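Report on the structure given below.
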Amino acid sequence: MSVYAIGDLHFSGMPPRKPMDIFGEHWRDHRDKVIRNWTAVVAPDDWVVLCGDLSWGMKLSDALPDLEAVAALPGHKVVIEGNHDYWWTSVKKMTEATQGAFAFLRNSFQPVETGDGTVALCGSRGWPLPGWENFDPAKDRKILDHEVLRVRASLEAARKAGCRDIILALHYPPFYTSDEASPFYDLIEEFGVRRCVFGHIHGEEGAGQVFQGRRGACTFRLVSCDTNGFTPVRIG
């Protein structure tokens, strides 16, 4: 059993209502690429963390075809919210609409039993930090503070359950540079998170600007689909 992560599928029905190849030729038929590559690497007993921006649907009913397409793929799925997941609603409504095919994380975690013990999959959307381009204190400070509380709640739930091996999934990167102050990194240190995955960033240029690698005791990895060949990344 393995754990994978992938972010920013940006599905929009079939045929796509919003073709992604406007962002580059490599996005052409990207839905088919994701499905083909996912099926090739993920086994039925594996787990896949989806790091936000799964569907362009504006409402849950609009996103259901995309959710159903992902649900049909191998593996158990854990989902966090992205900034473009406008369809995101209550966990109860999403779980009922998808007939329990996904674990939607909101102030919660998903335990995964492995041969080495329990791994806790934690996560939330995250948010841009002060100093990032277009950060508006009047608008963004309150959302950032709320997201920090959501991440803390997820990590605390895992700790309360006795989990010590934690994978944290965010949509936004927790920071850009290896020495940037970040409340998300503070939580990662506080709770001893060893692996953190995130999405939101696209393209070679974007991937080259955000920190990946080891900071402290934690390893950070960008998993947005277009930066990884439209293939889930093995993280555990």
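Within each chain, counting starts at residue 1; across the structure tokens, chains are named A, B, ... in the order shown, with ligands numbered 1 upward in that order.
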
Identify, on the basis of only C-alpha atoms, every residue whose closest approach to stretch 94-109 of chain A does not exceed 8 Å; exclude the query and any residue fewer than 6 positions from it along the same chain; express the result as an MDAnalysis selection string.
chainID A and resid 60 64 67:68 71 76:80 88 120:124 150:155 157:158

Selection: 12 Å around A:Asp62, only C-alpha atoms, excl. self and same-chain fewer than 3 positions, as a PyMOL selection string:
chain A and resi 11-14+17+55-59+65-68+85-88+97

Write out as a PDB file with N, CA, C and O atoms, in the first residue's frame which residues come within 6 Å of stretch 227-233 of chain A when counting only C-alpha atoms, dropping same-chain ones fewer than 6 positions away.
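Everything below was put into selection-v8.pdb:
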```pdb
ATOM      1  N   TYR A   4      -0.117   8.461  -2.506  1.00  0.00           N
ATOM      2  CA  TYR A   4       0.232   9.358  -3.602  1.00  0.00           C
ATOM      3  C   TYR A   4      -0.451  10.715  -3.376  1.00  0.00           C
ATOM      4  O   TYR A   4      -1.384  10.837  -2.582  1.00  0.00           O
ATOM      5  N   ALA A   5       0.010  11.705  -4.118  1.00  0.00           N
ATOM      6  CA  ALA A   5      -0.635  13.021  -4.081  1.00  0.00           C
ATOM      7  C   ALA A   5      -0.611  13.632  -5.475  1.00  0.00           C
ATOM      8  O   ALA A   5       0.328  13.420  -6.249  1.00  0.00           O
ATOM      9  N   ILE A   6      -1.653  14.375  -5.776  1.00  0.00           N
ATOM     10  CA  ILE A   6      -1.736  15.116  -7.030  1.00  0.00           C
ATOM     11  C   ILE A   6      -2.656  16.307  -6.809  1.00  0.00           C
ATOM     12  O   ILE A   6      -3.604  16.236  -6.024  1.00  0.00           O
ATOM     13  N   VAL A  34      -4.168  12.415 -17.187  1.00  0.00           N
ATOM     14  CA  VAL A  34      -4.284  12.140 -15.761  1.00  0.00           C
ATOM     15  C   VAL A  34      -4.885  10.754 -15.529  1.00  0.00           C
ATOM     16  O   VAL A  34      -4.366   9.952 -14.733  1.00  0.00           O
ATOM     17  N   ASN A  37      -2.370   7.962 -16.619  1.00  0.00           N
ATOM     18  CA  ASN A  37      -1.202   7.840 -15.748  1.00  0.00           C
ATOM     19  C   ASN A  37      -1.587   7.387 -14.347  1.00  0.00           C
ATOM     20  O   ASN A  37      -0.873   6.589 -13.723  1.00  0.00           O
ATOM     21  N   TRP A  38      -2.701   7.900 -13.841  1.00  0.00           N
ATOM     22  CA  TRP A  38      -3.196   7.475 -12.524  1.00  0.00           C
ATOM     23  C   TRP A  38      -3.438   5.971 -12.534  1.00  0.00           C
ATOM     24  O   TRP A  38      -2.995   5.246 -11.620  1.00  0.00           O
ATOM     25  N   GLY A 203       3.503  25.259 -14.057  1.00  0.00           N
ATOM     26  CA  GLY A 203       4.543  25.536 -15.033  1.00  0.00           C
ATOM     27  C   GLY A 203       5.952  25.417 -14.471  1.00  0.00           C
ATOM     28  O   GLY A 203       6.174  25.438 -13.260  1.00  0.00           O
TER      29      GLY A 203
END
```

Just to confirm, what's the straight-line distance from atom CA of A:His200 to atom CA of A:Lys92 in Å (one decimal)?
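Spanning atom CA of A:His200 to atom CA of A:Lys92 is a straight-line distance of 25.4 Å.
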
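Compared by their closest atoms to A:Trp127, and using only C-alpha atoms, the residues A:Gly199, A:Gly75, A:Gly162, A:Gly192 rank with A:Gly199 nearest.
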
Taking only C-alpha atoms into account, name the residue in A:Lys93, A:His171, A:Lys18, A:Lys160 that is nearest to A:Val49.
A:His171

Pairwise distance for atom CA of A:Asp45 and atom CA of A:Val3, rounded to one decimal in Å
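Straight-line distance from atom CA of A:Asp45 to atom CA of A:Val3 works out to 9.5 Å.
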
One number please: atom CA of A:Leu222 to atom CA of A:Leu9, in Å, one decimal.
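Going from atom CA of A:Leu222 over to atom CA of A:Leu9 covers 13.5 Å.
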
Which of stretch 7-223 of chain A DSSP labels alpha helix (DSSP H), written as an MDAnalysis selection string
chainID A and resid 30:41 60:71 91:97 137:160 183:190 203:209

Could you pull out the residues in stretch 96-202 of chain A that DSSP calls strand (DSSP E) from the backbone, as a list in words?
Phe102, Ala103, Phe104, Phe109, Gln110, Pro111, Val112, Glu113, Thr114, Gly117, Thr118, Val119, Ala120, Leu121, Cys122, Gly123, Ser124, Asp165, Ile166, Ile167, Leu168, Ala169, Leu170, Arg195, Cys196, Val197 and Phe198 of chain A

Min atom-atom distance to A:Ala217 from the set A:Ile188, A:Ala169, A:Ile235, A:Ile201, counting only C-alpha atoms, belongs to A:Ile188

For A:Asp186, find every residue with an atom within 12 Å (counting only C-alpha atoms), except residues of its own chain fewer than 4 positions away, and show them as JSON, numbers by chain.
{"A": [148, 151, 152, 174, 175, 179, 180, 181, 182, 190, 191, 192, 193, 215, 216, 218]}

Please produce a file of those selected residues containing N, CA, C and O atoms, as a PDB file, in the first residue's frame.
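File produced: again.pdb:
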```
ATOM      1  N   VAL A 148      -5.232  28.930   9.145  1.00  0.00           N
ATOM      2  CA  VAL A 148      -4.266  28.449  10.142  1.00  0.00           C
ATOM      3  C   VAL A 148      -4.983  27.644  11.224  1.00  0.00           C
ATOM      4  O   VAL A 148      -4.515  26.579  11.653  1.00  0.00           O
ATOM      5  N   VAL A 151      -5.905  24.196   9.775  1.00  0.00           N
ATOM      6  CA  VAL A 151      -4.763  23.284   9.738  1.00  0.00           C
ATOM      7  C   VAL A 151      -4.447  22.783  11.140  1.00  0.00           C
ATOM      8  O   VAL A 151      -4.197  21.592  11.349  1.00  0.00           O
ATOM      9  N   ARG A 152      -4.472  23.678  12.114  1.00  0.00           N
ATOM     10  CA  ARG A 152      -4.231  23.268  13.495  1.00  0.00           C
ATOM     11  C   ARG A 152      -5.256  22.232  13.937  1.00  0.00           C
ATOM     12  O   ARG A 152      -4.905  21.227  14.570  1.00  0.00           O
ATOM     13  N   PRO A 174       3.107  26.415   1.613  1.00  0.00           N
ATOM     14  CA  PRO A 174       3.179  26.957   2.974  1.00  0.00           C
ATOM     15  C   PRO A 174       4.121  28.145   3.081  1.00  0.00           C
ATOM     16  O   PRO A 174       4.044  28.914   4.041  1.00  0.00           O
ATOM     17  N   PHE A 175       5.025  28.301   2.114  1.00  0.00           N
ATOM     18  CA  PHE A 175       5.952  29.431   2.035  1.00  0.00           C
ATOM     19  C   PHE A 175       6.643  29.335   0.684  1.00  0.00           C
ATOM     20  O   PHE A 175       6.522  28.323  -0.026  1.00  0.00           O
ATOM     21  N   ASP A 179      13.664  30.364   4.111  1.00  0.00           N
ATOM     22  CA  ASP A 179      13.765  31.081   5.383  1.00  0.00           C
ATOM     23  C   ASP A 179      12.565  32.008   5.627  1.00  0.00           C
ATOM     24  O   ASP A 179      12.584  32.818   6.562  1.00  0.00           O
ATOM     25  N   GLU A 180      11.517  31.875   4.814  1.00  0.00           N
ATOM     26  CA  GLU A 180      10.350  32.741   4.953  1.00  0.00           C
ATOM     27  C   GLU A 180       9.541  32.372   6.193  1.00  0.00           C
ATOM     28  O   GLU A 180       9.263  31.198   6.439  1.00  0.00           O
ATOM     29  N   ALA A 181       9.168  33.381   6.976  1.00  0.00           N
ATOM     30  CA  ALA A 181       8.305  33.142   8.137  1.00  0.00           C
ATOM     31  C   ALA A 181       6.929  32.710   7.651  1.00  0.00           C
ATOM     32  O   ALA A 181       6.405  33.252   6.673  1.00  0.00           O
ATOM     33  N   SER A 182       6.364  31.707   8.323  1.00  0.00           N
ATOM     34  CA  SER A 182       5.079  31.187   7.899  1.00  0.00           C
ATOM     35  C   SER A 182       4.371  30.527   9.076  1.00  0.00           C
ATOM     36  O   SER A 182       4.943  29.659   9.734  1.00  0.00           O
ATOM     37  N   GLU A 190       5.689  22.431  15.102  1.00  0.00           N
ATOM     38  CA  GLU A 190       5.043  22.131  16.374  1.00  0.00           C
ATOM     39  C   GLU A 190       4.538  20.692  16.435  1.00  0.00           C
ATOM     40  O   GLU A 190       4.649  20.028  17.473  1.00  0.00           O
ATOM     41  N   PHE A 191       3.995  20.207  15.321  1.00  0.00           N
ATOM     42  CA  PHE A 191       3.376  18.884  15.313  1.00  0.00           C
ATOM     43  C   PHE A 191       4.284  17.801  14.713  1.00  0.00           C
ATOM     44  O   PHE A 191       3.854  16.670  14.556  1.00  0.00           O
ATOM     45  N   GLY A 192       5.511  18.167  14.391  1.00  0.00           N
ATOM     46  CA  GLY A 192       6.454  17.171  13.899  1.00  0.00           C
ATOM     47  C   GLY A 192       6.085  16.564  12.567  1.00  0.00           C
ATOM     48  O   GLY A 192       6.334  15.376  12.318  1.00  0.00           O
ATOM     49  N   VAL A 193       5.486  17.368  11.680  1.00  0.00           N
ATOM     50  CA  VAL A 193       5.119  16.873  10.350  1.00  0.00           C
ATOM     51  C   VAL A 193       6.392  16.567   9.564  1.00  0.00           C
ATOM     52  O   VAL A 193       7.309  17.390   9.493  1.00  0.00           O
ATOM     53  N   ARG A 215      13.283  21.245   4.833  1.00  0.00           N
ATOM     54  CA  ARG A 215      13.436  22.383   5.739  1.00  0.00           C
ATOM     55  C   ARG A 215      13.149  21.860   7.132  1.00  0.00           C
ATOM     56  O   ARG A 215      12.039  21.372   7.393  1.00  0.00           O
ATOM     57  N   GLY A 216      14.114  21.945   8.007  1.00  0.00           N
ATOM     58  CA  GLY A 216      13.950  21.326   9.314  1.00  0.00           C
ATOM     59  C   GLY A 216      13.825  19.824   9.165  1.00  0.00           C
ATOM     60  O   GLY A 216      14.596  19.181   8.444  1.00  0.00           O
ATOM     61  N   CYS A 218      11.100  18.356   7.901  1.00  0.00           N
ATOM     62  CA  CYS A 218      10.008  18.088   6.957  1.00  0.00           C
ATOM     63  C   CYS A 218      10.488  18.231   5.510  1.00  0.00           C
ATOM     64  O   CYS A 218      11.280  19.126   5.190  1.00  0.00           O
TER      65      CYS A 218
END
```

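Nearest to A:Arg125 of all the residues A:Lys33, A:Gly7, A:Pro16, A:Ala63 is A:Gly7, counting only C-alpha atoms.
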